[in-house]
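Undergrad: Dropping a structure here in structure tokens format, bear with me for questions.
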Amino acid sequence: MKFGYFDDKNREYVITTPQTPYPWINYLGNGDFFSIISNTSGGYSFYRDARLRRITRYRYNNIPLDSNGKYLYIRDENTVWSPSWKPAKTPLDHYECRHGLGYTKITGEKNKCRARVTCFVPDEVNAEIQILNLENLSDKPKTLKIHSFVEWCLWNALEDTTNFQRNFSTGQVEIEGSTLYHKTEFRERRNHYAFYHVNTPVKGFDTDREKFLGLYNGLEAPDAVMNQTAYNTEAHGWSPVASHFIEVSLKPGEQKQLVFVLGYVELPDKDKFVSNQVINKKPAKDIISLFDTPEKAVASFKRVVTKWTELMGGYQAVTPDEKFNRMVNIWNQYQCVITYYFSRSASYFESGIGRGMGFRDSNQDLLGFVHIMPQLAKQRIIDIASTQFEDGGAYHQYQPLTKRGNSDVGGNFNDDPLWLIAAVSAYIKETGDISILDEQVPFDNNEKNMASLMEHLKRSFDHVINNLGPHKLPLIGRADWNDCLNLNCFSSNPDESFQTTENKSGGVAESVFIAGMFIKYGLEYAEICSQLKNTGEAARAEKCVAEMTEAVNNHGWDGEWFIRAYDYFGKKVGSHECEESKIFIEPQGFCVMAGVGLADGRAAKTLESVNKYLACDHGIVLNYPAFTRYHIEYGEISSYPQGYKENAGVFCHNNPWVIIAETMNGNGNRAFDYFTRISPAHTEEKSELRKTEPYVFSQMIAGKEAYKPGEAKNSWLTGTAAWTFVAASQHILGVRPAFNGLQVDPCIPAEWKEVTIIRKFRKATYHITIKNPSGKNRGVSELKVDGDIISGTIVPIFNDNKIHKVEVIL
Ligand code: BGC
Ligand code: NOJ
């Protein structure tokens with residue numbers, strides 16, 4: 001069952017009913033000011049940090065679900081309705097929500113009146129703009145009474161939901177004309193306030209929530225709205241809100257536009273006030289003046305649309321599969337940009353309070369946006385590397401505002417360092433900017449202790465070989481990529497965090513997954529050394545990689561698949577010898593991606609095992625059979641009921657590793673098939689079961705052993721975004737940046753006859769046509785560049801701002 005449709009021309013998903021199986025959201029933002037908006041106008045705004053600078057309030061896990069937002073009430077005679085259906089919930093004659101790239105348009109129609117709200121965050125200022133277009137579709141004049149509504153958050157989102165004894169006395173506002181200012185704590189240490197403005201005179205306003213609503217009412221039927229009035233309240237403490245009361249008359253057929261501006265202002269201490277406690281409103285007025293007419297607002301909206309067209313333009317493909325095209329060209333790339341900005345902080349599953357930026361998460365996210373925003377990628381790499389420890393280890397997380405490592409969580413996740421090599425290598429291949437390796441970067445943010453980025457990479461590499469276990473495989477530390485496989489944790493106390501507890505020291509738990517990573521990224525490290533003509537270091541790296549490959553061959557192979565790990569006691573994890581969870585996905589994907597077993601048939605064998613034991617209709621599950629009880633020696637993974645999250649859920653992030661592995665083994669049909677099982681566009685018909693948005697990947701789809709297989713959770717902020725884009729664009733379509741050019745080596749479904757791709761790369765545009773006359777999966781038989789046949793699969797770097805024609809025959 002579907003709840004909408006894709007409008008690819010406008011790059012929108014069009015939702016046709018407000019009652020989706022779960023709130024379906026979108027992100028608006030300019031890098032500093034952000035809003036999350038659902039299809040019924042729920043959500044909130046924040047400035048840079050969703051915890052410390054929360055601008056409007058949102059109640060997570062509320063009942064009913066998703067019932068805070070930026071709302072409008074329209075009274076037309078005796079009917080009160082909201083264009084977004086919520087909060088009035090009056091049945092609409094027509095409803096439509098268009099989530100586009102960086103904007104959302106919600107249209108409601110009732111009794112021959114149409115209201116469309118277009119929301120976006122312009123690049124030029126820190127504000128969300130809402131253009132309300134009202135249209136009288138009837139043949140009689142209409143007088144509409146409109147109430148707007150937003151609820152302010154008292155800035156620190158955690159305090160805001162916990163410290164009521166203080167909060168209920170701190171709220172402060174100022175009102176001037178049609179602008180309602182929120183200035184809580186501005187009198188003391190804050191140098192920021194927010195405001196909500198509308199570009200028309202108001203009949204009244206409210207800023208006191210209880211008075212606006214009536215103490216015992218919800219948002220469905222506020223007193224002010226029901227009584228067709230505003231109480232002109234000035235909030236003192238309690239819960240400040242901002243509501244305008246506006247009257248609009250429309251002749252038959254007439255349209256009118258109103259522009260609302262929800263803005264954020266920061267001021268230096270000396271300029272905060274114009275007189276005792278009266279805030280300096282000039283910066284707010286400057287913002288307002290940029291949007292005081294609908295024309296100005298519409299022009300700004302168009303700039304947002306153009307910006308996104310340009311951002312998506314670096315990679316555009318046309319294949320015979322329309323759904324694949326829309327993922328690659330629109331939604332997957334969009335999700336990659338969103339994960340760049342948000343990491344794992346704020347979504348409808350991440351509360352914006354809990355998690356900083358993950359070291360491994362951010363490095364992996366970069367793989368999906370480096371081609372879109374290379375400059376930001378560079379800065380991100382430097383920020384991440386600056387938190388690294390001298391011994392090559394890493395803080396597991398860092399804080400976006402301070403960019404410092406988070407000592408509450410600490411380090412010892414032994415896969416972390418290697419992801420830095422992955423990110424830097426991807427950046428250099430994309431941009432050719434090898435000079436990044438000379439950047440001086442601190443350890444642990446200590447400016448007195450700096451080394452080149454290249455030295456940081458060396459420390460990452462060495463961190464693995466300095467931490468080997470009895471089988472010469474990497475020690476796992478607290479956990480590797482799978483944060484829930486906690487082999488040194490041994491927790492029987494529910495008040496302990498699985499993430500940070502290590503109750504047994506001196507363990508020898510080893511990870512075959514990290515071994516696979518080391519082989520893959522160790523080779524990339526060696527390649528980087530060769531680029532720098534450091535042949536000695538390259539040779540050393542290759543030797544270490546060969547030794548690791550040996551260790552995997554000797555101790556990492558179980559007969560039909562790769563073993564997952566060795567536990568604290570040196571017992572195998574993910575082996576046919578185990579009682580539960582005999583096979584895990586991660587080492588299968590990564591060892592094959594690293595090339596292990598490709599020559600001797602073990603890669604093919606393990607991929608068969610993956611297909612046999614792990615693959616299901618909804619994707620590839622993480623492990624099988626699921627843990628049916630808590631195993632203290634494995635930790636959090638066995639805390640989840642079977643089929644959910646890391647315990648045999650389809651943890652989408654690692655599915656593309658198998659997809660890539662399949663392409664390396666030449667099975668393009670299966671690679672593509674796996675893609676379609678998790679791809680939101682391909683599973684749109686299952687929306688009712690899935691629940692989450694059919695335009696973005698979710699972190700997890702319940703696996704085959706779950707109570708409800710196929711139900712997804714945790715959409716948007718997941719490493720799935722970057723990795724599926726890498727799998728689709730670089731491995732299925734096969735267009736991947738290399739140090740010395742653009743490699744074109746597709747591995748596609750046999751029935752695809754032709755694919756065309758436009759790829760911008762190193763200041764040139766490659767128009768690539770792939771022809772597949774004999775129905776192959778993989779294997780380039782002819783490659784022409786600008787008409788000339790070249791050998792191999794690497795197209796040269798041109799750097800000439802011109803278009804180059806690349807013709808490939810399989
Ligand atoms: C989740 C993991 C996550 C970890 C760290 C666990 O509860 O299952 O997916 O990586 O928390 O935040
Ligand atoms: C989510 C975390 O953000 C990520 O770092 C981790 O790799 C996966 N969960 C798997 O546990």
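Convention: chains lettered A, B, ... in structure tokens order; per-chain residue numbering from 1; ligands numbered from 1 as shown.
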Residues within 8 Å of ligand 2, counting only C-alpha atoms and all ligand atoms: report them as an NGL selection string.
TA: :A and (344 or 358 or 360-361 or 480-485 or 646 or 651 or 653 or 699 or 718-719)
Undergrad: Enumerate, in order of chain and increasing residue number, the residues of chain A with an atom no farther than 12 Å from ligand 1, each with its shortest atom pair and distance in Å to one decimal, counting only C-alpha atoms and all ligand atoms, as CSV.
TA:
```
residue,atom,partner,partner_atom_place_in_ligand_line,distance
A:Ser343,CA,ligand 1,12 (O),11.8
A:Arg344,CA,ligand 1,12 (O),8.8
A:Ser345,CA,ligand 1,12 (O),10.5
A:Phe349,CA,ligand 1,9 (O),11.7
A:Glu350,CA,ligand 1,12 (O),10.0
A:Gly354,CA,ligand 1,12 (O),8.5
A:Arg355,CA,ligand 1,12 (O),7.0
A:Gly356,CA,ligand 1,12 (O),9.6
A:Met357,CA,ligand 1,12 (O),10.4
A:Gly358,CA,ligand 1,12 (O),8.8
A:Phe359,CA,ligand 1,10 (O),11.6
A:Arg360,CA,ligand 1,10 (O),10.2
A:Asp361,CA,ligand 1,10 (O),9.2
A:His396,CA,ligand 1,5 (C),9.7
A:Gln397,CA,ligand 1,12 (O),9.8
A:Val409,CA,ligand 1,5 (C),9.8
A:Phe413,CA,ligand 1,5 (C),11.3
A:Arg478,CA,ligand 1,5 (C),11.6
A:Ala479,CA,ligand 1,10 (O),10.0
A:Asp480,CA,ligand 1,10 (O),10.2
A:Trp481,CA,ligand 1,10 (O),8.2
A:Asn482,CA,ligand 1,10 (O),7.0
A:Asp483,CA,ligand 1,10 (O),5.0
A:Cys484,CA,ligand 1,8 (O),6.0
A:Leu485,CA,ligand 1,8 (O),9.7
A:Asn486,CA,ligand 1,6 (C),10.8
A:Ser497,CA,ligand 1,7 (O),9.1
A:Phe498,CA,ligand 1,7 (O),8.0
A:Gln499,CA,ligand 1,5 (C),6.5
A:Thr500,CA,ligand 1,5 (C),9.8
A:Leu622,CA,ligand 1,9 (O),11.9
A:Gly635,CA,ligand 1,6 (C),10.8
A:Glu636,CA,ligand 1,7 (O),7.3
A:Ile637,CA,ligand 1,8 (O),7.6
A:Ser638,CA,ligand 1,8 (O),10.5
A:Ser639,CA,ligand 1,8 (O),9.4
A:Tyr640,CA,ligand 1,8 (O),8.4
A:Pro641,CA,ligand 1,8 (O),11.7
A:Tyr644,CA,ligand 1,8 (O),9.2
A:Lys645,CA,ligand 1,8 (O),6.0
A:Glu646,CA,ligand 1,8 (O),6.1
A:Asn647,CA,ligand 1,8 (O),8.9
A:Ala648,CA,ligand 1,8 (O),11.6
A:Gly649,CA,ligand 1,8 (O),10.6
A:Val650,CA,ligand 1,9 (O),11.9
A:Phe651,CA,ligand 1,9 (O),8.7
A:Cys652,CA,ligand 1,9 (O),11.1
A:His653,CA,ligand 1,9 (O),10.2
A:Asn654,CA,ligand 1,9 (O),12.0
A:Ser698,CA,ligand 1,9 (O),11.9
A:Gln699,CA,ligand 1,9 (O),8.3
A:Met700,CA,ligand 1,9 (O),9.0
A:Lys713,CA,ligand 1,9 (O),11.3
A:Asn714,CA,ligand 1,9 (O),9.8
A:Leu717,CA,ligand 1,9 (O),11.2
A:Thr718,CA,ligand 1,9 (O),9.4
A:Gly719,CA,ligand 1,10 (O),10.5
```
Undergrad: Considering only helix (DSSP H, G or I) as DSSP defines it on the backbone, what residues of region 135-224 of chain A qualify? List them as a list in words.
TA: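 In region 135-224 of chain A, DSSP puts these residues in helix (DSSP H, G or I): Ala157, Leu158, Glu159, Asp160, Phe164, Gln165, Arg166, Asn167, Arg209, Glu210, Lys211, Phe212, Leu213, Asp223 and Ala224 of chain A.
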Undergrad: Just want the 6 Å neighbourhood of region 244-259 of chain A, counted on only C-alpha atoms, with same-chain residues fewer than 4 positions away dropped. Output as a list in words.
TA: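 The neighbour list is Gln130, Ile131, Leu132, Asn133, Leu134, Glu135, Asn136, Leu137, Ser138, Asp139, Lys140, Pro141, Lys142, Thr143, Leu144, Lys145, Ile146, His147, Ser148, Val198, Asn199, Val202, Lys203, Gly204 and Phe205 of chain A.
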Undergrad: Mind checking DSSP for region 719-802 of chain A and telling me the strand (DSSP E or B) residues as a ChimeraX atom specification?
TA: /A:735-738,741-744,747,754-761,764-771,778,782-785,788-789,794-795
Undergrad: Find the residues near Pro400 (chain A): any atom within 12 Å, counting only C-alpha atoms, skip ones fewer than 5 places away on the same chain, and give them as number ranges by chain.
TA: A: 32, 47-52, 340-345, 352-353, 355-359, 362, 380, 383-384, 387, 405-406
Undergrad: At a cut-off of 8 Å, using only C-alpha atoms, what residues contact Thr606 (chain A)? Leave out same-chain residues fewer than 6 positions from it and give the result as a list of chain:residue names.
TA: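 Returned residues: A:Glu560, A:Trp561, A:Phe562, A:Gln588.
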Undergrad: Using only C-alpha atoms, which protein or nucleic acid residues come within 6 Å of region 96-101 of chain A? Drop anything in the same chain fewer than 5 positions from it, and give the result as a list in words.
TA: Arg11, Glu12, Tyr13, Val14, Ile15, Thr16, Asn39, Ile106 and Thr107 of chain A
Undergrad: Write out the residues from the selection above, keeping C-alpha atoms, as a tab-separated table (two decimals), in the first residue's frame.
TA:
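Output saved as result.tsv:
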```tsv
chain	number	residue	atom	x	y	z
A	11	ARG	CA	12.62	15.83	-7.02
A	12	GLU	CA	9.80	15.52	-4.53
A	13	TYR	CA	8.02	12.81	-2.67
A	14	VAL	CA	4.33	13.66	-2.67
A	15	ILE	CA	2.41	12.42	0.34
A	16	THR	CA	-1.30	12.21	-0.30
A	39	ASN	CA	4.17	15.76	6.81
A	106	ILE	CA	2.04	21.35	2.53
A	107	THR	CA	-1.33	22.07	0.95
```
Undergrad: I'd like the neighbourhood of region 439-442 of chain A as a ChimeraX atom specification, where a residue qualifies if any of its atoms comes within 7 Å (using only C-alpha atoms), though same-chain residues fewer than 6 positions away should be ignored.
TA: /A:382,385-386,449-453
Undergrad: Which region 65-165 of chain A residues have any atom within 7 Å of an atom of region 238-241 of chain A, and for each, what is the nearest pair of atoms with distance in Å to one decimal, counting only C-alpha atoms, rows sorted by chain and number, as a Markdown table?
TA:
```
| residue | atom | partner | partner_atom | distance |
| --- | --- | --- | --- | --- |
| A:Val150 | CA | A:Val241 | CA | 5.7 |
| A:Glu151 | CA | A:Val241 | CA | 4.2 |
| A:Trp152 | CA | A:Val241 | CA | 5.4 |
```
Undergrad: Put those residues in a file: N, CA, C and O atoms, as a short mmCIF file (atom, residue, chain, number, x, y, z; two decimals), in the first residue's frame.
TA:
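Here's the written file part_22.cif:
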```cif
data_model
loop_
_atom_site.label_atom_id
_atom_site.label_comp_id
_atom_site.auth_asym_id
_atom_site.auth_seq_id
_atom_site.Cartn_x
_atom_site.Cartn_y
_atom_site.Cartn_z
N VAL A 150 3.83 28.55 17.47
CA VAL A 150 5.06 27.79 17.76
C VAL A 150 5.30 27.85 19.26
O VAL A 150 4.90 28.81 19.93
N GLU A 151 5.92 26.82 19.78
CA GLU A 151 6.23 26.79 21.22
C GLU A 151 7.74 26.88 21.37
O GLU A 151 8.48 26.09 20.77
N TRP A 152 8.21 27.82 22.17
CA TRP A 152 9.66 27.98 22.32
C TRP A 152 10.24 26.91 23.23
O TRP A 152 9.62 26.50 24.20
#
```
Undergrad: Figure out the distance between CA of Gln743 (chain A) and CA of Lys429 (chain A), please, to one decimal in Å.
TA: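 Atom-to-atom, CA of Lys429 (chain A) and CA of Gln743 (chain A) are spaced 10.6 Å apart.
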Undergrad: What separation in Å, quoted to one decimal, exists between CA of Thr233 (chain A) and CA of Gly171 (chain A)?
TA: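 That distance, rounded to one decimal, is 13.0 Å.
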